[in-house]
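Written out below as structure tokens is the structure these notes cover.
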Amino acid sequence: EMGDLRESALYMAAHTWLSSGLAAARLTVVELDADNKETEVPNHPMVELFEHPNPYYGSEELLSGIALNWLWQSTAYVIIERGGMDQPVELWHEPWWSIRPAWPENGKEFITHFEVERNGYWFQVPLKNVLMLRKGIDPKTRMGQSALSCLLREYYTDRQAADFGAHLMTNGRVPPLLISLGDKDIPVSREQAAEVKA
């Protein structure tokens with residue numbers, strides 16, 4: 001009944017806020033000394049990779065995708081493409097609906113690999129090639145624990161109100177209206193009621 005949440009003004013307002021905040025933050029890589037003091041590593045390749053994740057889009061688009069998935073499922077995925085020496089060379093946002101963690105039926109390992117859907121088929125992706133960000137853990141799905149379910153009523157109500165208003169405006173109508181005049185202590189005559197109605 002909700003349809004695509006990307007059409008919800010409430011949901012997309014939260015997404016815009018989160019993705020803008022992520023894009024505004026400065027990514028750094030630090031080293032910790034024996035006293036846990038942080039020292040920034042200048043010009044680290046991972047920072048450059050997040051700035052220019054792949055040939056088709058930049059960090060803002062990557063972080064926007066991460067924000068969308070984070071709000072929706074409390075889980076976000078980034079596919080890592082590797083080059084020579086097994087070094088990461090490209091990062092790709094993967095929507096939550098086209099990737100899933102996988103594990104053996106006996107449950108002896110928590111996650112052994114991921115499966116990615118392409119053109120109706122599911123392909124295996126090695127564990128090391130997926131960056132999985134999650135909040136909490138749902139032991140049944142191995143994904144994060146989304147708080148979205150408790151907000152669905154608000155999203156639904158907002159959408160229904162917007163749809164109702166749009167239908168009224170499309171058909172040039174007004175909302176149903178009932179006006180009550182007078183009460184037992186202050187009666188209204190027929191003439192007065194006719195005047196108000198006119």
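Naming scheme: A, B, ... for chains in displayed order of the structure tokens; residues 1 onward per chain; ligands 1 onward as shown.
Residues with any atom within 6 Å of segment 76-84 of chain A, counting only C-alpha atoms and excluding same-chain neighbours fewer than 2 positions away, are Ile66, Asn69, Trp70, Asp86, Gln87, Pro88, Val89, Glu90, Leu91, Trp92, His93, Glu94, Asn129, Val130, Leu131, Met132 and Leu133 of chain A.
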Do a neighbour search on segment 144-148 of chain A at 7 Å with only C-alpha atoms, toss out local chain neighbours closer than 5 positions, and write the hits as an NGL selection string.
:A and (72-75 or 134-138)
Quick one: DSSP strand (DSSP E or B) residues in chain A, as a compact mmCIF listing (two decimals) with C-alpha atoms, in the first residue's frame?
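Generated output (part-v5.txt):
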# COMPACT_ATOMS: atom_id res chain seq x y z
CA VAL A 30 44.04 8.34 10.83
CA GLU A 31 46.71 6.34 12.60
CA LEU A 32 46.52 5.67 16.33
CA GLU A 38 44.95 10.22 16.18
CA THR A 39 47.27 11.45 13.47
CA GLU A 40 45.77 12.08 10.03
CA THR A 75 21.92 -1.45 6.08
CA ALA A 76 23.91 -0.06 3.17
CA TYR A 77 26.11 -1.85 0.66
CA VAL A 78 29.08 -0.76 -1.43
CA ILE A 79 30.54 -3.14 -4.03
CA ILE A 80 34.34 -2.99 -4.18
CA GLU A 81 36.01 -3.60 -7.54
CA ARG A 82 39.63 -4.65 -7.20
CA PRO A 88 40.30 -1.46 -4.32
CA VAL A 89 40.01 0.64 -7.49
CA GLU A 90 36.26 1.37 -7.73
CA LEU A 91 33.30 1.68 -5.35
CA TRP A 92 29.68 1.15 -6.40
CA HIS A 93 26.54 1.73 -4.36
CA GLU A 94 24.34 -1.38 -4.39
CA ILE A 99 21.93 -7.71 -2.81
CA ARG A 100 21.64 -10.14 0.05
CA PRO A 101 24.00 -11.79 2.51
CA ALA A 102 24.34 -15.57 2.23
CA HIS A 113 29.44 -14.33 0.69
CA PHE A 114 26.88 -12.02 -0.88
CA GLU A 115 24.51 -12.53 -3.78
CA VAL A 116 23.80 -9.75 -6.26
CA GLU A 117 20.87 -9.74 -8.68
CA ARG A 118 21.51 -8.92 -12.33
CA TYR A 121 19.80 -13.97 -11.88
CA TRP A 122 21.67 -14.02 -8.57
CA PHE A 123 25.47 -14.08 -8.69
CA GLN A 124 27.92 -14.68 -5.85
CA VAL A 125 30.20 -11.86 -4.71
CA PRO A 126 33.08 -12.63 -2.33
CA VAL A 130 31.31 -5.90 -0.24
CA LEU A 131 31.39 -3.11 2.31
CA MET A 132 28.33 -3.69 4.49
CA LEU A 133 27.30 -0.91 6.86
CA ARG A 134 24.54 -1.78 9.29
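Between atom CA of Leu68 of chain A and atom CA of Glu154 of chain A the interatomic distance comes to 18.0 Å.
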When you look at Ala23 of chain A with a cut-off of 8 Å (counting only C-alpha atoms), what residues show up, excluding the ones that are within fewer than 4 positions of it in the same chain? I need them as JSON, numbers by chain.
{"A": [19, 59, 60, 63, 64]}
Determine which residues of segment 25-169 of chain A receive a DSSP assignment of helix (DSSP H, G or I), computed from the backbone, and state them as number ranges by chain.
A: 45-51, 59-73, 84-86, 96-98, 127-129, 148-169
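Among the candidates A:Ile111, A:Glu195, A:Leu168, A:Pro45, the one nearest to Leu181 of chain A when counting only C-alpha atoms is A:Glu195.
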Could you pull the residues within 10 Å of Met46 of chain A, counting only C-alpha atoms, minus those fewer than 2 positions along the same chain, as number ranges by chain?
A: 27-29, 43-44, 48-53, 88-89
Quick one: write out the picked residues with N, CA and C atoms as a tab-separated table (two decimals), in the first residue's frame?
chain	number	residue	atom	x	y	z
A	27	LEU	N	36.06	13.21	4.92
A	27	LEU	CA	36.56	11.86	5.19
A	27	LEU	C	38.06	11.92	5.44
A	28	THR	N	38.50	11.25	6.49
A	28	THR	CA	39.93	11.19	6.80
A	28	THR	C	40.31	9.77	7.20
A	29	VAL	N	41.58	9.47	7.03
A	29	VAL	CA	42.15	8.23	7.54
A	29	VAL	C	43.18	8.63	8.59
A	43	ASN	N	46.71	12.43	2.10
A	43	ASN	CA	46.63	11.86	0.74
A	43	ASN	C	46.48	10.35	0.73
A	44	HIS	N	45.68	9.84	1.63
A	44	HIS	CA	45.48	8.39	1.68
A	44	HIS	C	44.66	7.94	0.46
A	48	GLU	N	40.86	9.29	-1.53
A	48	GLU	CA	40.76	9.61	-2.96
A	48	GLU	C	39.73	8.71	-3.64
A	49	LEU	N	39.69	7.44	-3.24
A	49	LEU	CA	38.73	6.51	-3.85
A	49	LEU	C	37.30	6.91	-3.52
A	50	PHE	N	37.04	7.34	-2.29
A	50	PHE	CA	35.69	7.79	-1.94
A	50	PHE	C	35.33	9.10	-2.65
A	51	GLU	N	36.34	9.95	-2.92
A	51	GLU	CA	36.09	11.20	-3.65
A	51	GLU	C	35.73	10.92	-5.11
A	52	HIS	N	36.37	9.91	-5.68
A	52	HIS	CA	36.14	9.53	-7.09
A	52	HIS	C	35.93	8.02	-7.14
A	53	PRO	N	34.74	7.56	-6.72
A	53	PRO	CA	34.54	6.12	-6.54
A	53	PRO	C	34.56	5.30	-7.82
A	88	PRO	N	41.57	-2.05	-3.87
A	88	PRO	CA	40.30	-1.46	-4.32
A	88	PRO	C	40.55	-0.34	-5.33
A	89	VAL	N	39.84	-0.40	-6.46
A	89	VAL	CA	40.01	0.64	-7.49
A	89	VAL	C	38.70	1.36	-7.81
